[in-house]
Amino acid sequence: MKKVVVFLLSLVMLTTGSIVFINDGSNEVQASSLKAYNVPKRYRGHWKNKNCWLTISKRHISGNYFTKHGTTYRWTAKAQRHVSNHIVLCSRYRKGITIGLAGGERSYLVRKGKNLKLYIDTWVETLHR
């Protein structure tokens, strides 16, 4: 009877050990599996202020508060798990765009006439070309 119990316990331990070894916990998403996001034309260009600058092209956003060469992707649950300094997650929200680094705080871009308002946390930067 003891030999059967020991055999079953060792079988259970071996099975759980192999499952843990196979699934090493890496849930990183490759950038190729993310969906591309094209920034609307009205937001593109080089925007600046005395303290802040932001360069927006069709597929890239860079600036002193963001990554230097950030490629834009759609904001999804799968994309939020991806941690990289070169990926900027974007989505449309009301009359603006929500942007942010994966795992970081969200920012909000709104076009007001010929200015661009950048809302970060509790403060606002007004940028112009």
# chains A, B, ... in the order shown; residues from 1 in each chain; ligands from 1

call {"tool": "select_by_dssp", "arguments": {"residues": "stretch 47-102 of chain A", "states": "helix (DSSP H, G or I)", "output": "PyMOL selection string"}}
result
chain A and resi 77-80

call {"tool": "select_by_dssp", "arguments": {"residues": "stretch 25-110 of chain A", "states": "strand (DSSP E or B)", "output": "VMD selection string"}}
result
chain A and resid 36 45 to 48 53 to 56 60 to 63 70 to 74 87 to 93 96 to 101 107 to 110

call {"tool": "closest_residue", "arguments": {"among": "A:Leu109, A:Ile120, A:Ala77, A:Ile97", "to": "A:Leu34", "atoms": "only C-alpha atoms"}}
result
A:Ala77

call {"tool": "closest_residue", "arguments": {"among": "A:Tyr65, A:Lys48, A:His128, A:Thr72", "to": "A:Glu105", "atoms": "only C-alpha atoms"}}
result
A:Tyr65

call {"tool": "residues_around", "arguments": {"residues": "A:Leu89", "least_positions_apart": "5", "cutoff": "6 Å", "atoms": "only C-alpha atoms", "output": "mmCIF file with N, CA, C and O atoms, in the first residue's frame"}}
result
data_model
loop_
_atom_site.group_PDB
_atom_site.id
_atom_site.type_symbol
_atom_site.label_atom_id
_atom_site.label_comp_id
_atom_site.auth_asym_id
_atom_site.auth_seq_id
_atom_site.Cartn_x
_atom_site.Cartn_y
_atom_site.Cartn_z
ATOM 1 N N THR A 72 3.739 53.130 -33.121
ATOM 2 C CA THR A 72 2.375 53.137 -32.582
ATOM 3 C C THR A 72 1.650 51.840 -32.899
ATOM 4 O O THR A 72 1.708 51.332 -34.014
ATOM 5 N N TYR A 73 0.947 51.319 -31.891
ATOM 6 C CA TYR A 73 0.113 50.132 -32.018
ATOM 7 C C TYR A 73 -1.207 50.384 -31.313
ATOM 8 O O TYR A 73 -1.288 51.224 -30.423
ATOM 9 N N ARG A 74 -2.239 49.632 -31.684
ATOM 10 C CA ARG A 74 -3.551 49.767 -31.056
ATOM 11 C C ARG A 74 -3.495 49.313 -29.610
ATOM 12 O O ARG A 74 -2.800 48.392 -29.252
ATOM 13 N N TRP A 75 -4.291 49.983 -28.788
ATOM 14 C CA TRP A 75 -4.355 49.681 -27.364
ATOM 15 C C TRP A 75 -5.278 48.479 -27.169
ATOM 16 O O TRP A 75 -6.480 48.581 -27.325
ATOM 17 N N ILE A 99 -2.650 58.104 -25.638
ATOM 18 C CA ILE A 99 -1.354 57.508 -25.955
ATOM 19 C C ILE A 99 -0.627 57.188 -24.662
ATOM 20 O O ILE A 99 -0.931 57.739 -23.607
ATOM 21 N N GLY A 100 0.323 56.323 -24.752
ATOM 22 C CA GLY A 100 1.132 56.009 -23.586
ATOM 23 C C GLY A 100 2.048 54.843 -23.827
ATOM 24 O O GLY A 100 1.812 54.017 -24.705
#

call {"tool": "residues_around", "arguments": {"residues": "A:Trp47", "least_positions_apart": "4", "cutoff": "6 Å", "atoms": "only C-alpha atoms", "output": "ChimeraX atom specification"}}
result
/A:53-54,127-129

call {"tool": "write_last_selection", "arguments": {"atoms": "N, CA, C and O atoms", "output": "PDB file, in the first residue's frame"}}
result
ATOM      1  N   TRP A  53       8.672  68.904 -26.294  1.00  0.00           N
ATOM      2  CA  TRP A  53       8.587  68.743 -27.737  1.00  0.00           C
ATOM      3  C   TRP A  53       8.026  67.362 -28.047  1.00  0.00           C
ATOM      4  O   TRP A  53       8.156  66.432 -27.275  1.00  0.00           O
ATOM      5  N   LEU A  54       7.383  67.264 -29.193  1.00  0.00           N
ATOM      6  CA  LEU A  54       6.732  66.033 -29.602  1.00  0.00           C
ATOM      7  C   LEU A  54       6.770  65.955 -31.121  1.00  0.00           C
ATOM      8  O   LEU A  54       6.368  66.899 -31.797  1.00  0.00           O
ATOM      9  N   LEU A 127       1.121  72.861 -26.997  1.00  0.00           N
ATOM     10  CA  LEU A 127       2.212  72.784 -27.975  1.00  0.00           C
ATOM     11  C   LEU A 127       1.782  73.477 -29.252  1.00  0.00           C
ATOM     12  O   LEU A 127       0.614  73.505 -29.603  1.00  0.00           O
ATOM     13  N   HIS A 128       2.742  74.040 -29.958  1.00  0.00           N
ATOM     14  CA  HIS A 128       2.488  74.665 -31.257  1.00  0.00           C
ATOM     15  C   HIS A 128       3.574  74.228 -32.224  1.00  0.00           C
ATOM     16  O   HIS A 128       4.595  73.695 -31.832  1.00  0.00           O
ATOM     17  N   ARG A 129       3.340  74.456 -33.523  1.00  0.00           N
ATOM     18  CA  ARG A 129       4.312  74.009 -34.539  1.00  0.00           C
ATOM     19  C   ARG A 129       5.494  74.919 -34.621  1.00  0.00           C
ATOM     20  O   ARG A 129       5.547  76.002 -34.278  1.00  0.00           O
TER      21      ARG A 129
END

call {"tool": "closest_residue", "arguments": {"among": "A:Val124, A:Ser33, A:Gly104, A:Val110", "to": "A:Ala79", "atoms": "only C-alpha atoms"}}
result
A:Ser33

call {"tool": "atom_distance", "arguments": {"atom1": "atom CA of A:Tyr37", "atom2": "atom CA of A:Ser62"}}
result
14.7 Å

call {"tool": "closest_residue", "arguments": {"among": "A:Lys2, A:Ser107, A:Arg59, A:Lys117", "to": "A:Ile87", "atoms": "only C-alpha atoms"}}
result
A:Arg59

call {"tool": "closest_residue", "arguments": {"among": "A:Lys35, A:Tyr43, A:Thr98, A:Arg111", "to": "A:Lys78", "atoms": "only C-alpha atoms"}}
result
A:Lys35

call {"tool": "residues_around", "arguments": {"residues": "stretch 69-71 of chain A", "least_positions_apart": "2", "cutoff": "10 Å", "atoms": "only C-alpha atoms", "output": "list of chain:residue names"}}
result
A:Ala31, A:Ala36, A:Tyr37, A:Asn38, A:Thr55, A:Ile56, A:Ser57, A:Lys58, A:Arg59, A:His60, A:Ile61, A:Ser62, A:Gly63, A:Phe66, A:Thr67, A:Tyr73, A:Ser84, A:Asn85, A:His86, A:Ile87, A:Val88, A:Leu89, A:Cys90, A:Gly100, A:Leu101

call {"tool": "atom_distance", "arguments": {"atom1": "atom CA of A:Asn51", "atom2": "atom CA of A:Ser91"}}
result
25.5 Å

call {"tool": "atom_distance", "arguments": {"atom1": "atom CA of A:Arg44", "atom2": "atom CA of A:Tyr93"}}
result
17.0 Å

call {"tool": "residues_around", "arguments": {"residues": "A:Arg42", "least_positions_apart": "3", "cutoff": "10 Å", "atoms": "only C-alpha atoms", "output": "VMD selection string"}}
result
chain A and resid 39 45 111 114 116

call {"tool": "decode", "arguments": {"residues": "stretch 44-81 of chain A", "atoms": "N, CA, C and O atoms", "output": "PDB file, in the first residue's frame"}}
result
ATOM      1  N   ARG A  44      -0.159  65.005 -36.894  1.00  0.00           N
ATOM      2  CA  ARG A  44       1.219  64.785 -37.328  1.00  0.00           C
ATOM      3  C   ARG A  44       1.992  66.094 -37.408  1.00  0.00           C
ATOM      4  O   ARG A  44       1.436  67.153 -37.638  1.00  0.00           O
ATOM      5  N   GLY A  45       3.292  65.994 -37.211  1.00  0.00           N
ATOM      6  CA  GLY A  45       4.175  67.151 -37.310  1.00  0.00           C
ATOM      7  C   GLY A  45       5.086  67.262 -36.102  1.00  0.00           C
ATOM      8  O   GLY A  45       5.114  66.403 -35.218  1.00  0.00           O
ATOM      9  N   HIS A  46       5.864  68.345 -36.077  1.00  0.00           N
ATOM     10  CA  HIS A  46       6.763  68.603 -34.956  1.00  0.00           C
ATOM     11  C   HIS A  46       6.135  69.682 -34.079  1.00  0.00           C
ATOM     12  O   HIS A  46       5.994  70.832 -34.491  1.00  0.00           O
ATOM     13  N   TRP A  47       5.750  69.319 -32.880  1.00  0.00           N
ATOM     14  CA  TRP A  47       5.089  70.216 -31.939  1.00  0.00           C
ATOM     15  C   TRP A  47       6.068  70.550 -30.831  1.00  0.00           C
ATOM     16  O   TRP A  47       6.801  69.688 -30.361  1.00  0.00           O
ATOM     17  N   LYS A  48       6.057  71.820 -30.396  1.00  0.00           N
ATOM     18  CA  LYS A  48       7.033  72.207 -29.372  1.00  0.00           C
ATOM     19  C   LYS A  48       6.472  73.270 -28.444  1.00  0.00           C
ATOM     20  O   LYS A  48       5.496  73.943 -28.738  1.00  0.00           O
ATOM     21  N   ASN A  49       7.123  73.369 -27.325  1.00  0.00           N
ATOM     22  CA  ASN A  49       6.880  74.368 -26.312  1.00  0.00           C
ATOM     23  C   ASN A  49       8.253  74.633 -25.700  1.00  0.00           C
ATOM     24  O   ASN A  49       9.216  73.934 -26.006  1.00  0.00           O
ATOM     25  N   LYS A  50       8.384  75.582 -24.809  1.00  0.00           N
ATOM     26  CA  LYS A  50       9.703  75.844 -24.243  1.00  0.00           C
ATOM     27  C   LYS A  50      10.223  74.677 -23.402  1.00  0.00           C
ATOM     28  O   LYS A  50      11.419  74.470 -23.299  1.00  0.00           O
ATOM     29  N   ASN A  51       9.325  73.871 -22.817  1.00  0.00           N
ATOM     30  CA  ASN A  51       9.748  72.754 -21.973  1.00  0.00           C
ATOM     31  C   ASN A  51       9.522  71.394 -22.602  1.00  0.00           C
ATOM     32  O   ASN A  51      10.050  70.403 -22.129  1.00  0.00           O
ATOM     33  N   CYS A  52       8.744  71.324 -23.650  1.00  0.00           N
ATOM     34  CA  CYS A  52       8.293  70.040 -24.173  1.00  0.00           C
ATOM     35  C   CYS A  52       8.350  70.033 -25.692  1.00  0.00           C
ATOM     36  O   CYS A  52       8.106  71.057 -26.325  1.00  0.00           O
ATOM     37  N   TRP A  53       8.672  68.904 -26.294  1.00  0.00           N
ATOM     38  CA  TRP A  53       8.587  68.743 -27.737  1.00  0.00           C
ATOM     39  C   TRP A  53       8.026  67.362 -28.047  1.00  0.00           C
ATOM     40  O   TRP A  53       8.156  66.432 -27.275  1.00  0.00           O
ATOM     41  N   LEU A  54       7.383  67.264 -29.193  1.00  0.00           N
ATOM     42  CA  LEU A  54       6.732  66.033 -29.602  1.00  0.00           C
ATOM     43  C   LEU A  54       6.770  65.955 -31.121  1.00  0.00           C
ATOM     44  O   LEU A  54       6.368  66.899 -31.797  1.00  0.00           O
ATOM     45  N   THR A  55       7.277  64.854 -31.658  1.00  0.00           N
ATOM     46  CA  THR A  55       7.303  64.629 -33.095  1.00  0.00           C
ATOM     47  C   THR A  55       6.399  63.454 -33.408  1.00  0.00           C
ATOM     48  O   THR A  55       6.587  62.365 -32.869  1.00  0.00           O
ATOM     49  N   ILE A  56       5.412  63.689 -34.270  1.00  0.00           N
ATOM     50  CA  ILE A  56       4.426  62.664 -34.594  1.00  0.00           C
ATOM     51  C   ILE A  56       4.439  62.454 -36.099  1.00  0.00           C
ATOM     52  O   ILE A  56       4.282  63.398 -36.871  1.00  0.00           O
ATOM     53  N   SER A  57       4.625  61.211 -36.521  1.00  0.00           N
ATOM     54  CA  SER A  57       4.512  60.858 -37.932  1.00  0.00           C
ATOM     55  C   SER A  57       3.391  59.836 -38.078  1.00  0.00           C
ATOM     56  O   SER A  57       2.644  59.595 -37.130  1.00  0.00           O
ATOM     57  N   LYS A  58       3.285  59.212 -39.232  1.00  0.00           N
ATOM     58  CA  LYS A  58       2.184  58.289 -39.478  1.00  0.00           C
ATOM     59  C   LYS A  58       2.208  57.102 -38.523  1.00  0.00           C
ATOM     60  O   LYS A  58       1.166  56.684 -38.034  1.00  0.00           O
ATOM     61  N   ARG A  59       3.369  56.559 -38.215  1.00  0.00           N
ATOM     62  CA  ARG A  59       3.465  55.374 -37.374  1.00  0.00           C
ATOM     63  C   ARG A  59       4.394  55.540 -36.176  1.00  0.00           C
ATOM     64  O   ARG A  59       4.661  54.577 -35.463  1.00  0.00           O
ATOM     65  N   HIS A  60       4.909  56.750 -35.927  1.00  0.00           N
ATOM     66  CA  HIS A  60       5.866  56.943 -34.837  1.00  0.00           C
ATOM     67  C   HIS A  60       5.523  58.180 -34.012  1.00  0.00           C
ATOM     68  O   HIS A  60       5.086  59.194 -34.556  1.00  0.00           O
ATOM     69  N   ILE A  61       5.733  58.088 -32.724  1.00  0.00           N
ATOM     70  CA  ILE A  61       5.604  59.219 -31.811  1.00  0.00           C
ATOM     71  C   ILE A  61       6.853  59.244 -30.953  1.00  0.00           C
ATOM     72  O   ILE A  61       7.245  58.232 -30.368  1.00  0.00           O
ATOM     73  N   SER A  62       7.497  60.396 -30.897  1.00  0.00           N
ATOM     74  CA  SER A  62       8.669  60.545 -30.034  1.00  0.00           C
ATOM     75  C   SER A  62       8.641  61.921 -29.395  1.00  0.00           C
ATOM     76  O   SER A  62       8.040  62.846 -29.911  1.00  0.00           O
ATOM     77  N   GLY A  63       9.278  62.027 -28.258  1.00  0.00           N
ATOM     78  CA  GLY A  63       9.317  63.293 -27.548  1.00  0.00           C
ATOM     79  C   GLY A  63      10.069  63.157 -26.248  1.00  0.00           C
ATOM     80  O   GLY A  63      10.498  62.065 -25.870  1.00  0.00           O
ATOM     81  N   ASN A  64      10.240  64.270 -25.543  1.00  0.00           N
ATOM     82  CA  ASN A  64      11.015  64.197 -24.318  1.00  0.00           C
ATOM     83  C   ASN A  64      10.252  63.547 -23.173  1.00  0.00           C
ATOM     84  O   ASN A  64      10.853  63.125 -22.204  1.00  0.00           O
ATOM     85  N   TYR A  65       8.919  63.416 -23.242  1.00  0.00           N
ATOM     86  CA  TYR A  65       8.152  62.695 -22.233  1.00  0.00           C
ATOM     87  C   TYR A  65       7.831  61.274 -22.683  1.00  0.00           C
ATOM     88  O   TYR A  65       7.257  60.509 -21.929  1.00  0.00           O
ATOM     89  N   PHE A  66       8.176  60.930 -23.918  1.00  0.00           N
ATOM     90  CA  PHE A  66       7.913  59.606 -24.461  1.00  0.00           C
ATOM     91  C   PHE A  66       9.216  59.004 -24.931  1.00  0.00           C
ATOM     92  O   PHE A  66      10.278  59.578 -24.800  1.00  0.00           O
ATOM     93  N   THR A  67       9.114  57.870 -25.560  1.00  0.00           N
ATOM     94  CA  THR A  67      10.279  57.186 -26.079  1.00  0.00           C
ATOM     95  C   THR A  67      10.886  57.970 -27.247  1.00  0.00           C
ATOM     96  O   THR A  67      10.216  58.781 -27.872  1.00  0.00           O
ATOM     97  N   LYS A  68      12.118  57.711 -27.549  1.00  0.00           N
ATOM     98  CA  LYS A  68      12.782  58.431 -28.635  1.00  0.00           C
ATOM     99  C   LYS A  68      12.315  57.970 -30.013  1.00  0.00           C
ATOM    100  O   LYS A  68      12.233  58.753 -30.930  1.00  0.00           O
ATOM    101  N   HIS A  69      12.033  56.687 -30.179  1.00  0.00           N
ATOM    102  CA  HIS A  69      11.578  56.168 -31.471  1.00  0.00           C
ATOM    103  C   HIS A  69      10.428  55.200 -31.225  1.00  0.00           C
ATOM    104  O   HIS A  69      10.579  54.004 -31.389  1.00  0.00           O
ATOM    105  N   GLY A  70       9.282  55.703 -30.839  1.00  0.00           N
ATOM    106  CA  GLY A  70       8.157  54.835 -30.494  1.00  0.00           C
ATOM    107  C   GLY A  70       7.265  54.537 -31.679  1.00  0.00           C
ATOM    108  O   GLY A  70       6.776  55.438 -32.343  1.00  0.00           O
ATOM    109  N   THR A  71       7.049  53.266 -31.955  1.00  0.00           N
ATOM    110  CA  THR A  71       6.141  52.835 -33.001  1.00  0.00           C
ATOM    111  C   THR A  71       4.749  52.681 -32.404  1.00  0.00           C
ATOM    112  O   THR A  71       4.604  52.161 -31.306  1.00  0.00           O
ATOM    113  N   THR A  72       3.739  53.130 -33.121  1.00  0.00           N
ATOM    114  CA  THR A  72       2.375  53.137 -32.582  1.00  0.00           C
ATOM    115  C   THR A  72       1.650  51.840 -32.899  1.00  0.00           C
ATOM    116  O   THR A  72       1.708  51.332 -34.014  1.00  0.00           O
ATOM    117  N   TYR A  73       0.947  51.319 -31.891  1.00  0.00           N
ATOM    118  CA  TYR A  73       0.113  50.132 -32.018  1.00  0.00           C
ATOM    119  C   TYR A  73      -1.207  50.384 -31.313  1.00  0.00           C
ATOM    120  O   TYR A  73      -1.288  51.224 -30.423  1.00  0.00           O
ATOM    121  N   ARG A  74      -2.239  49.632 -31.684  1.00  0.00           N
ATOM    122  CA  ARG A  74      -3.551  49.767 -31.056  1.00  0.00           C
ATOM    123  C   ARG A  74      -3.495  49.313 -29.610  1.00  0.00           C
ATOM    124  O   ARG A  74      -2.800  48.392 -29.252  1.00  0.00           O
ATOM    125  N   TRP A  75      -4.291  49.983 -28.788  1.00  0.00           N
ATOM    126  CA  TRP A  75      -4.355  49.681 -27.364  1.00  0.00           C
ATOM    127  C   TRP A  75      -5.278  48.479 -27.169  1.00  0.00           C
ATOM    128  O   TRP A  75      -6.480  48.581 -27.325  1.00  0.00           O
ATOM    129  N   THR A  76      -4.735  47.327 -26.828  1.00  0.00           N
ATOM    130  CA  THR A  76      -5.513  46.127 -26.560  1.00  0.00           C
ATOM    131  C   THR A  76      -5.022  45.500 -25.270  1.00  0.00           C
ATOM    132  O   THR A  76      -3.976  45.879 -24.736  1.00  0.00           O
ATOM    133  N   ALA A  77      -5.757  44.537 -24.777  1.00  0.00           N
ATOM    134  CA  ALA A  77      -5.343  43.839 -23.554  1.00  0.00           C
ATOM    135  C   ALA A  77      -4.049  43.081 -23.785  1.00  0.00           C
ATOM    136  O   ALA A  77      -3.182  43.022 -22.909  1.00  0.00           O
ATOM    137  N   LYS A  78      -3.881  42.517 -24.965  1.00  0.00           N
ATOM    138  CA  LYS A  78      -2.657  41.792 -25.285  1.00  0.00           C
ATOM    139  C   LYS A  78      -1.464  42.753 -25.359  1.00  0.00           C
ATOM    140  O   LYS A  78      -0.368  42.439 -24.935  1.00  0.00           O
ATOM    141  N   ALA A  79      -1.706  43.949 -25.879  1.00  0.00           N
ATOM    142  CA  ALA A  79      -0.621  44.920 -26.024  1.00  0.00           C
ATOM    143  C   ALA A  79      -0.194  45.490 -24.677  1.00  0.00           C
ATOM    144  O   ALA A  79       0.959  45.870 -24.502  1.00  0.00           O
ATOM    145  N   GLN A  80      -1.095  45.565 -23.712  1.00  0.00           N
ATOM    146  CA  GLN A  80      -0.745  46.123 -22.406  1.00  0.00           C
ATOM    147  C   GLN A  80       0.248  45.262 -21.653  1.00  0.00           C
ATOM    148  O   GLN A  80       0.984  45.750 -20.810  1.00  0.00           O
ATOM    149  N   ARG A  81       0.287  43.974 -21.958  1.00  0.00           N
ATOM    150  CA  ARG A  81       1.234  43.095 -21.282  1.00  0.00           C
ATOM    151  C   ARG A  81       2.631  43.219 -21.849  1.00  0.00           C
ATOM    152  O   ARG A  81       3.584  42.729 -21.276  1.00  0.00           O
TER     153      ARG A  81
END
